[in-house]
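Enquirer: This is start16.cif (mmCIF, C-alpha atoms and all ligand atoms; chains and numbers go by the auth columns).
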```cif
data_input
#
loop_
_atom_site.group_PDB
_atom_site.id
_atom_site.type_symbol
_atom_site.label_atom_id
_atom_site.label_comp_id
_atom_site.label_asym_id
_atom_site.label_seq_id
_atom_site.Cartn_x
_atom_site.Cartn_y
_atom_site.Cartn_z
_atom_site.B_iso_or_equiv
_atom_site.auth_seq_id
_atom_site.auth_asym_id
ATOM 1 C CA MET A 1 14.388 16.013 -14.980 0.00 6 A
ATOM 2 C CA ALA A 2 14.889 15.337 -11.260 0.00 7 A
ATOM 3 C CA LEU A 3 12.468 13.019 -9.496 0.00 8 A
ATOM 4 C CA LYS A 4 12.594 12.178 -5.797 0.00 9 A
ATOM 5 C CA LEU A 5 10.169 10.192 -3.691 0.00 10 A
ATOM 6 C CA TYR A 6 9.568 11.340 -0.124 0.00 11 A
ATOM 7 C CA GLY A 7 8.562 8.368 1.981 0.00 12 A
ATOM 8 C CA GLY A 8 9.571 5.494 4.193 0.00 13 A
ATOM 9 C CA ALA A 9 9.558 1.710 4.108 0.00 14 A
ATOM 10 C CA ILE A 10 7.012 1.344 6.925 0.00 15 A
ATOM 11 C CA SER A 11 4.427 3.173 4.837 0.00 16 A
ATOM 12 C CA PRO A 12 2.260 0.885 2.677 0.00 17 A
ATOM 13 C CA PHE A 13 1.269 3.849 0.520 0.00 18 A
ATOM 14 C CA THR A 14 4.926 4.696 -0.095 0.00 19 A
ATOM 15 C CA MET A 15 5.722 1.077 -0.896 0.00 20 A
ATOM 16 C CA ARG A 16 2.927 1.001 -3.446 0.00 21 A
ATOM 17 C CA VAL A 17 4.912 3.617 -5.388 0.00 22 A
ATOM 18 C CA VAL A 18 8.261 1.931 -4.693 0.00 23 A
ATOM 19 C CA ILE A 19 6.921 -1.342 -6.143 0.00 24 A
ATOM 20 C CA GLN A 20 5.724 0.533 -9.219 0.00 25 A
ATOM 21 C CA ILE A 21 9.104 2.272 -9.614 0.00 26 A
ATOM 22 C CA ARG A 22 10.888 -1.084 -9.393 0.00 27 A
ATOM 23 C CA ALA A 23 8.479 -2.891 -11.697 0.00 28 A
ATOM 24 C CA LYS A 24 8.962 -0.167 -14.306 0.00 29 A
ATOM 25 C CA GLY A 25 12.747 -0.249 -13.906 0.00 30 A
ATOM 26 C CA LEU A 26 12.918 3.437 -12.955 0.00 31 A
ATOM 27 C CA ASP A 27 15.685 5.056 -10.990 0.00 32 A
ATOM 28 C CA ILE A 28 13.904 7.378 -8.551 0.00 33 A
ATOM 29 C CA PRO A 29 15.590 7.729 -5.170 0.00 34 A
ATOM 30 C CA MET A 30 13.559 7.688 -1.946 0.00 35 A
ATOM 31 C CA THR A 31 14.427 9.988 0.943 0.00 36 A
ATOM 32 C CA ASP A 32 12.813 10.939 4.229 0.00 37 A
ATOM 33 C CA PRO A 33 10.534 13.968 3.908 0.00 38 A
ATOM 34 C CA PRO A 34 12.728 17.103 4.142 0.00 39 A
ATOM 35 C CA GLY A 35 12.614 18.365 7.749 0.00 40 A
ATOM 36 C CA GLY A 36 10.567 15.286 8.712 0.00 41 A
ATOM 37 C CA LEU A 37 6.847 14.523 8.543 0.00 42 A
ATOM 38 C CA HIS A 38 4.751 17.284 10.147 0.00 43 A
ATOM 39 C CA SER A 39 7.624 19.799 9.973 0.00 44 A
ATOM 40 C CA GLU A 40 7.079 23.316 8.647 0.00 45 A
ATOM 41 C CA THR A 41 9.602 22.576 5.888 0.00 46 A
ATOM 42 C CA TYR A 42 7.706 19.524 4.689 0.00 47 A
ATOM 43 C CA ARG A 43 4.276 21.149 5.050 0.00 48 A
ATOM 44 C CA THR A 44 5.492 23.980 2.856 0.00 49 A
ATOM 45 C CA LEU A 45 6.504 21.471 0.181 0.00 50 A
ATOM 46 C CA ASN A 46 3.500 19.210 0.699 0.00 51 A
ATOM 47 C CA PRO A 47 0.491 20.766 2.454 0.00 52 A
ATOM 48 C CA VAL A 48 -1.124 17.321 2.729 0.00 53 A
ATOM 49 C CA ASP A 49 1.795 16.471 5.070 0.00 54 A
ATOM 50 C CA LYS A 50 1.675 12.726 4.475 0.00 55 A
ATOM 51 C CA ILE A 51 3.951 10.255 2.727 0.00 56 A
ATOM 52 C CA PRO A 52 4.470 9.451 -0.060 0.00 57 A
ATOM 53 C CA ALA A 53 4.982 12.532 -2.178 0.00 58 A
ATOM 54 C CA LEU A 54 6.827 12.759 -5.459 0.00 59 A
ATOM 55 C CA ASP A 55 9.047 15.749 -6.135 0.00 60 A
ATOM 56 C CA VAL A 56 9.144 16.444 -9.876 0.00 61 A
ATOM 57 C CA ASP A 57 11.632 19.228 -10.518 0.00 62 A
ATOM 58 C CA GLY A 58 10.370 21.042 -7.410 0.00 63 A
ATOM 59 C CA THR A 59 6.664 20.388 -7.949 0.00 64 A
ATOM 60 C CA VAL A 60 5.511 18.067 -5.184 0.00 65 A
ATOM 61 C CA ILE A 61 2.722 15.584 -5.908 0.00 66 A
ATOM 62 C CA PRO A 62 1.083 13.920 -2.889 0.00 67 A
ATOM 63 C CA GLU A 63 -1.269 10.894 -2.761 0.00 68 A
ATOM 64 C CA SER A 64 -0.027 7.482 -3.846 0.00 69 A
ATOM 65 C CA ALA A 65 -2.793 6.880 -6.418 0.00 70 A
ATOM 66 C CA VAL A 66 -2.101 10.226 -8.080 0.00 71 A
ATOM 67 C CA ILE A 67 1.641 9.568 -8.086 0.00 72 A
ATOM 68 C CA ALA A 68 0.995 6.129 -9.606 0.00 73 A
ATOM 69 C CA ASP A 69 -1.042 7.655 -12.440 0.00 74 A
ATOM 70 C CA PHE A 70 1.576 10.353 -12.988 0.00 75 A
ATOM 71 C CA LEU A 71 4.355 7.768 -13.296 0.00 76 A
ATOM 72 C CA GLU A 72 2.299 5.728 -15.762 0.00 77 A
ATOM 73 C CA GLN A 73 1.767 8.814 -17.886 0.00 78 A
ATOM 74 C CA ARG A 74 5.366 10.019 -17.709 0.00 79 A
ATOM 75 C CA PHE A 75 6.877 6.535 -18.171 0.00 80 A
ATOM 76 C CA PRO A 76 4.340 4.529 -20.172 0.00 81 A
ATOM 77 C CA GLU A 77 6.550 1.464 -20.685 0.00 82 A
ATOM 78 C CA PRO A 78 6.276 -1.142 -19.336 0.00 83 A
ATOM 79 C CA ALA A 79 2.607 -0.349 -18.767 0.00 84 A
ATOM 80 C CA LEU A 80 1.166 -1.398 -15.418 0.00 85 A
ATOM 81 C CA THR A 81 -2.309 -0.660 -16.718 0.00 86 A
ATOM 82 C CA LEU A 82 -4.525 -2.811 -18.952 0.00 87 A
ATOM 83 C CA SER A 83 -5.791 -1.840 -22.392 0.00 88 A
ATOM 84 C CA ASP A 84 -9.216 -3.399 -21.896 0.00 89 A
ATOM 85 C CA ASP A 85 -11.274 -0.658 -20.263 0.00 90 A
ATOM 86 C CA VAL A 86 -13.362 -2.988 -18.113 0.00 91 A
ATOM 87 C CA MET A 87 -10.260 -4.798 -16.865 0.00 92 A
ATOM 88 C CA GLN A 88 -8.555 -1.454 -16.223 0.00 93 A
ATOM 89 C CA ALA A 89 -11.560 -0.492 -14.102 0.00 94 A
ATOM 90 C CA ARG A 90 -10.859 -3.636 -12.093 0.00 95 A
ATOM 91 C CA VAL A 91 -7.231 -2.532 -11.608 0.00 96 A
ATOM 92 C CA GLY A 92 -8.460 0.753 -10.168 0.00 97 A
ATOM 93 C CA LEU A 93 -11.134 -0.943 -8.118 0.00 98 A
ATOM 94 C CA ILE A 94 -8.741 -3.393 -6.446 0.00 99 A
ATOM 95 C CA ALA A 95 -6.427 -0.520 -5.532 0.00 100 A
ATOM 96 C CA ARG A 96 -9.319 1.545 -4.192 0.00 101 A
ATOM 97 C CA LEU A 97 -10.907 -1.280 -2.216 0.00 102 A
ATOM 98 C CA SER A 98 -7.508 -2.017 -0.675 0.00 103 A
ATOM 99 C CA ASP A 99 -7.033 1.639 0.285 0.00 104 A
ATOM 100 C CA LEU A 100 -10.481 2.421 1.607 0.00 105 A
ATOM 101 C CA TYR A 101 -11.862 -0.786 3.055 0.00 106 A
ATOM 102 C CA VAL A 102 -8.730 -2.620 4.187 0.00 107 A
ATOM 103 C CA MET A 103 -5.971 -0.105 5.007 0.00 108 A
ATOM 104 C CA ASN A 104 -8.099 2.827 6.140 0.00 109 A
ATOM 105 C CA ALA A 105 -10.422 0.438 7.975 0.00 110 A
ATOM 106 C CA MET A 106 -7.405 -0.986 9.834 0.00 111 A
ATOM 107 C CA LEU A 107 -6.136 2.373 11.142 0.00 112 A
ATOM 108 C CA PRO A 108 -7.965 2.305 14.538 0.00 113 A
ATOM 109 C CA LEU A 109 -5.919 -0.785 15.478 0.00 114 A
ATOM 110 C CA PHE A 110 -2.704 1.241 15.560 0.00 115 A
ATOM 111 C CA GLY A 111 -4.022 3.114 18.607 0.00 116 A
ATOM 112 C CA GLN A 112 -4.717 -0.223 20.302 0.00 117 A
ATOM 113 C CA LEU A 113 -1.303 -1.868 20.151 0.00 118 A
ATOM 114 C CA ASP A 114 -0.776 -1.713 23.935 0.00 119 A
ATOM 115 C CA PRO A 115 -2.791 -4.608 25.449 0.00 120 A
ATOM 116 C CA SER A 116 -2.986 -2.807 28.821 0.00 121 A
ATOM 117 C CA THR A 117 -5.009 0.100 27.401 0.00 122 A
ATOM 118 C CA ARG A 118 -6.773 -1.782 24.628 0.00 123 A
ATOM 119 C CA ASP A 119 -10.460 -1.103 23.995 0.00 124 A
ATOM 120 C CA ALA A 120 -12.029 -4.454 23.073 0.00 125 A
ATOM 121 C CA ALA A 121 -14.991 -2.836 21.298 0.00 126 A
ATOM 122 C CA ILE A 122 -12.723 -0.789 19.007 0.00 127 A
ATOM 123 C CA VAL A 123 -10.695 -3.900 18.204 0.00 128 A
ATOM 124 C CA GLU A 124 -13.792 -5.983 17.490 0.00 129 A
ATOM 125 C CA ASN A 125 -15.398 -3.319 15.292 0.00 130 A
ATOM 126 C CA THR A 126 -12.176 -2.691 13.410 0.00 131 A
ATOM 127 C CA ILE A 127 -11.494 -6.374 12.750 0.00 132 A
ATOM 128 C CA GLY A 128 -15.094 -6.701 11.563 0.00 133 A
ATOM 129 C CA ALA A 129 -14.661 -3.778 9.167 0.00 134 A
ATOM 130 C CA VAL A 130 -11.336 -5.042 7.779 0.00 135 A
ATOM 131 C CA THR A 131 -12.747 -8.554 7.362 0.00 136 A
ATOM 132 C CA LYS A 132 -15.624 -7.053 5.407 0.00 137 A
ATOM 133 C CA GLY A 133 -13.140 -5.127 3.241 0.00 138 A
ATOM 134 C CA LEU A 134 -11.151 -8.303 2.556 0.00 139 A
ATOM 135 C CA GLY A 135 -14.467 -9.824 1.489 0.00 140 A
ATOM 136 C CA PHE A 136 -14.872 -7.047 -1.089 0.00 141 A
ATOM 137 C CA LEU A 137 -11.431 -7.890 -2.478 0.00 142 A
ATOM 138 C CA GLU A 138 -12.352 -11.575 -2.587 0.00 143 A
ATOM 139 C CA SER A 139 -14.888 -10.775 -5.323 0.00 144 A
ATOM 140 C CA TYR A 140 -12.324 -9.140 -7.600 0.00 145 A
ATOM 141 C CA VAL A 141 -8.882 -10.621 -6.935 0.00 146 A
ATOM 142 C CA ALA A 142 -7.729 -13.614 -8.969 0.00 147 A
ATOM 143 C CA PRO A 143 -6.263 -16.616 -7.075 0.00 148 A
ATOM 144 C CA LYS A 144 -3.006 -16.026 -8.980 0.00 149 A
ATOM 145 C CA ALA A 145 0.252 -14.100 -8.684 0.00 150 A
ATOM 146 C CA TYR A 146 -1.423 -11.100 -10.349 0.00 151 A
ATOM 147 C CA ALA A 147 -4.623 -9.614 -8.958 0.00 152 A
ATOM 148 C CA THR A 148 -6.142 -9.277 -12.422 0.00 153 A
ATOM 149 C CA ALA A 149 -4.856 -12.729 -13.434 0.00 154 A
ATOM 150 C CA ASP A 150 -2.707 -12.142 -16.511 0.00 155 A
ATOM 151 C CA ARG A 151 -0.247 -9.361 -15.909 0.00 156 A
ATOM 152 C CA PHE A 152 1.356 -7.358 -13.111 0.00 157 A
ATOM 153 C CA THR A 153 -0.490 -4.045 -12.704 0.00 158 A
ATOM 154 C CA LEU A 154 -1.031 -1.093 -10.402 0.00 159 A
ATOM 155 C CA ALA A 155 -3.576 -3.279 -8.601 0.00 160 A
ATOM 156 C CA ASP A 156 -0.693 -5.413 -7.309 0.00 161 A
ATOM 157 C CA CYS A 157 1.395 -2.374 -6.385 0.00 162 A
ATOM 158 C CA ALA A 158 -1.468 -1.149 -4.175 0.00 163 A
ATOM 159 C CA ALA A 159 -2.831 -4.410 -2.789 0.00 164 A
ATOM 160 C CA ALA A 160 0.410 -6.206 -1.828 0.00 165 A
ATOM 161 C CA PRO A 161 1.675 -3.750 0.849 0.00 166 A
ATOM 162 C CA ILE A 162 -1.814 -3.414 2.323 0.00 167 A
ATOM 163 C CA LEU A 163 -2.322 -7.186 2.550 0.00 168 A
ATOM 164 C CA PHE A 164 1.125 -7.293 4.139 0.00 169 A
ATOM 165 C CA TYR A 165 -0.124 -4.957 6.868 0.00 170 A
ATOM 166 C CA ALA A 166 -3.316 -6.989 7.373 0.00 171 A
ATOM 167 C CA ASP A 167 -1.294 -10.205 7.561 0.00 172 A
ATOM 168 C CA ARG A 168 1.128 -8.695 10.050 0.00 173 A
ATOM 169 C CA PHE A 169 -1.164 -6.698 12.333 0.00 174 A
ATOM 170 C CA LEU A 170 -4.522 -8.493 12.535 0.00 175 A
ATOM 171 C CA PRO A 171 -2.979 -11.560 14.265 0.00 176 A
ATOM 172 C CA LEU A 172 -1.732 -9.256 17.060 0.00 177 A
ATOM 173 C CA PHE A 173 -5.405 -8.652 17.843 0.00 178 A
ATOM 174 C CA GLY A 174 -6.538 -12.277 17.799 0.00 179 A
ATOM 175 C CA ALA A 175 -7.429 -12.562 14.103 0.00 180 A
ATOM 176 C CA THR A 176 -4.803 -15.255 13.579 0.00 181 A
ATOM 177 C CA ASP A 177 -5.527 -16.103 9.932 0.00 182 A
ATOM 178 C CA PRO A 178 -7.366 -13.095 8.498 0.00 183 A
ATOM 179 C CA PHE A 179 -7.371 -14.325 4.899 0.00 184 A
ATOM 180 C CA ALA A 180 -8.668 -17.832 5.730 0.00 185 A
ATOM 181 C CA PRO A 181 -12.336 -17.100 4.880 0.00 186 A
ATOM 182 C CA TYR A 182 -11.260 -15.854 1.468 0.00 187 A
ATOM 183 C CA PRO A 183 -9.723 -18.418 -0.925 0.00 188 A
ATOM 184 C CA ASN A 184 -8.976 -15.917 -3.712 0.00 189 A
ATOM 185 C CA VAL A 185 -7.267 -13.461 -1.377 0.00 190 A
ATOM 186 C CA SER A 186 -5.366 -16.326 0.313 0.00 191 A
ATOM 187 C CA ALA A 187 -4.127 -17.753 -2.994 0.00 192 A
ATOM 188 C CA TYR A 188 -3.223 -14.287 -4.272 0.00 193 A
ATOM 189 C CA TRP A 189 -1.335 -13.436 -1.081 0.00 194 A
ATOM 190 C CA ALA A 190 0.577 -16.733 -1.308 0.00 195 A
ATOM 191 C CA GLN A 191 1.755 -15.894 -4.844 0.00 196 A
ATOM 192 C CA VAL A 192 2.072 -12.112 -5.165 0.00 197 A
ATOM 193 C CA GLY A 193 5.658 -12.253 -3.836 0.00 198 A
ATOM 194 C CA GLU A 194 6.688 -14.129 -6.988 0.00 199 A
ATOM 195 C CA THR A 195 7.183 -10.714 -8.589 0.00 200 A
ATOM 196 C CA SER A 196 10.638 -9.569 -7.510 0.00 201 A
ATOM 197 C CA ALA A 197 9.638 -5.898 -7.095 0.00 202 A
ATOM 198 C CA VAL A 198 7.007 -7.048 -4.590 0.00 203 A
ATOM 199 C CA ALA A 199 9.255 -9.533 -2.765 0.00 204 A
ATOM 200 C CA GLN A 200 12.038 -6.966 -2.322 0.00 205 A
ATOM 201 C CA SER A 201 9.655 -4.259 -1.156 0.00 206 A
ATOM 202 C CA LEU A 202 7.747 -6.448 1.308 0.00 207 A
ATOM 203 C CA GLU A 203 11.060 -7.613 2.760 0.00 208 A
ATOM 204 C CA GLU A 204 12.082 -3.982 3.273 0.00 209 A
ATOM 205 C CA MET A 205 8.739 -3.297 4.986 0.00 210 A
ATOM 206 C CA ARG A 206 9.288 -6.315 7.228 0.00 211 A
ATOM 207 C CA GLN A 207 12.764 -5.098 8.189 0.00 212 A
ATOM 208 C CA ALA A 208 11.540 -1.549 8.836 0.00 213 A
ATOM 209 C CA LEU A 209 8.716 -2.750 11.085 0.00 214 A
ATOM 210 C CA ASP A 210 10.998 -5.210 12.899 0.00 215 A
ATOM 211 C CA ALA A 211 13.462 -2.378 13.580 0.00 216 A
ATOM 212 C CA LEU A 212 10.623 -0.239 14.918 0.00 217 A
ATOM 213 C CA SER A 213 9.274 -2.918 17.245 0.00 218 A
ATOM 214 C CA GLY A 214 12.808 -3.638 18.481 0.00 219 A
HETATM 215 N N1 LIG B . -4.214 8.595 0.837 0.00 301 B
HETATM 216 C C1 LIG B . -2.807 8.763 1.093 0.00 301 B
HETATM 217 C C2 LIG B . -2.486 8.136 2.446 0.00 301 B
HETATM 218 C C3 LIG B . -1.066 8.447 2.877 0.00 301 B
HETATM 219 C C4 LIG B . -0.854 8.145 4.342 0.00 301 B
HETATM 220 O O1 LIG B . -1.789 7.979 5.141 0.00 301 B
HETATM 221 N N2 LIG B . 0.427 8.082 4.717 0.00 301 B
HETATM 222 C C5 LIG B . 0.760 7.854 6.090 0.00 301 B
HETATM 223 C C6 LIG B . 1.914 6.886 6.208 0.00 301 B
HETATM 224 S S1 LIG B . 1.458 5.310 5.580 0.00 301 B
HETATM 225 C C7 LIG B . 1.159 9.177 6.709 0.00 301 B
HETATM 226 O O2 LIG B . 1.883 9.960 6.101 0.00 301 B
HETATM 227 N N3 LIG B . 0.691 9.411 7.923 0.00 301 B
HETATM 228 C C8 LIG B . 1.012 10.589 8.658 0.00 301 B
HETATM 229 C C9 LIG B . -0.224 11.296 9.094 0.00 301 B
HETATM 230 O O3 LIG B . -1.329 10.931 8.649 0.00 301 B
HETATM 231 O O4 LIG B . -0.104 12.196 9.874 0.00 301 B
HETATM 232 C C10 LIG B . -2.001 8.123 -0.013 0.00 301 B
HETATM 233 O O5 LIG B . -2.514 7.230 -0.698 0.00 301 B
HETATM 234 O O6 LIG B . -0.851 8.550 -0.253 0.00 301 B
#
```
Turn the structure described in the file into structure tokens.

Expert:
Amino acid sequence: MALKLYGGAISPFTMRVVIQIRAKGLDIPMTDPPGGLHSETYRTLNPVDKIPALDVDGTVIPESAVIADFLEQRFPEPALTLSDDVMQARVGLIARLSDLYVMNAMLPLFGQLDPSTRDAAIVENTIGAVTKGLGFLESYVAPKAYATADRFTLADCAAAPILFYADRFLPLFGATDPFAPYPNVSAYWAQVGETSAVAQSLEEMRQALDALSG
């Protein structure tokens, strides 16, 4: 069985899977997408043409949430899911809220990095949307090292890299302390790095982004 992850350390969706791989003690190497993102070679392997994607003996699975579920099914131990069905719904919810209402909401900011061409209305609307998304998380995240309080789960794999992006990029647009209105999110963010798989992965993201910004 040969598994390979196509991705990169600047990608929060890739790092969600990398954190899961590390937390489960798996040995799955990560490489750049063959031929590069948006190449014909990669599009042939992965028509979605995004990272991450998991190559399982030649079958390529895109979408970080789908990859996460696949890895849980293929490698059930240690489980990063919860046996209580209502709590497991919370695991999925935290991951989904992070994806949809924080990370996806933040995307317009990446076209506004240059202050000389910045559109103030886009920035204001985007910061408003992300702040609202962080407010959704506030209702569900525990003020602990683990989003669902008791145990490290897929919720942490998803939320940590996305909060990292919010923490790093919102201040560049004037939102100096984006988690301040949210005590649960703030306390969670302060502690989530206590899990070594998270600390190592966030450090790699930091280094990758530093290298990119020169
Ligand atoms: N919903 C996808 C999002 C993946 C995604 O947006 N990846 C970014 C990098 S973080 C990407 O490949 N962007 C290239 C593009 O959209 O063209 C997932 O969860 O895997």

Enquirer: Compare A:Arg48, A:Arg173, A:Arg27, A:His43 by their minimum atom-to-atom distance to ligand LIG 301 (chain B), counting all atoms listed in the file, and give me the closest one.

Expert: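 Looking only at the distances to ligand LIG 301 (chain B), the closest residue turns out to be A:His43.
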
Enquirer: Residues within 7 Å of ligand LIG 301 (chain B) should be enumerated using all atoms listed in the file and returned as a VMD selection string.

Expert: chain A and resid 15 to 19 54 to 57 67 to 70

Enquirer: Between atom CA of Ala134 of chain A and atom CA of Phe157 of chain A, what is the distance in Å, rounded to a tenth?

Expert: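 Those two atoms sit 27.7 Å apart.
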
Enquirer: Between A:Leu105, A:Met111, A:Ala195, A:Met20, which one has atoms that come closest to Ala213 of chain A, using all atoms listed in the file?

Expert: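 Answer, going by the shortest atom-to-atom distance: A:Met20.
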
Enquirer: Write out as number ranges by chain the residues lying within 12 Å of Asp215 of chain A, counting only C-alpha atoms and excluding same-chain residues fewer than 4 positions away.

Expert: A: 14-15, 173, 208-211, 219

Enquirer: Pick the closest to Ala152 of chain A from A:Gly198, A:Gly133, A:Gly41, A:Pro183: which is it, counting all atoms listed in the file?

Expert: A:Gly198

Enquirer: Just the residues within 6 Å of Ala100 of chain A, please, counting all atoms listed in the file, with nothing from its chain fewer than 5 positions along; format it as a PyMOL selection string.

Expert: chain A and resi 160+163-164

Enquirer: Quote the spacing between atom CA of Gly138 of chain A and atom CA of Val107 of chain A in Å to one decimal place.

Expert: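 Taking atom CA of Gly138 of chain A and atom CA of Val107 of chain A, their separation equals 5.2 Å.
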
Enquirer: When the PyMOL selection byres (((chain A and resi 87) around 10) and not hetatm) is applied to the structure above, which residues does it catch, written out as a VMD selection string?

Expert: chain A and resid 84 to 86 88 to 96 153 155 to 159

Enquirer: What does the structure give for the distance between atom CA of Asp161 of chain A and atom CA of Leu217 of chain A, in Å to one decimal?

Expert: 25.5 Å

Enquirer: With distances taken over only C-alpha atoms, which residue among A:Leu114, A:Ile167, A:Val71, A:Ile99 lies nearest Leu142 of chain A?

Expert: A:Ile99

Enquirer: Which of these residues is nearest to Val146 of chain A, using only C-alpha atoms: A:Gln205, A:Gln212, A:Thr200, A:Ser103?

Expert: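 The closest residue to Val146 of chain A is A:Ser103.
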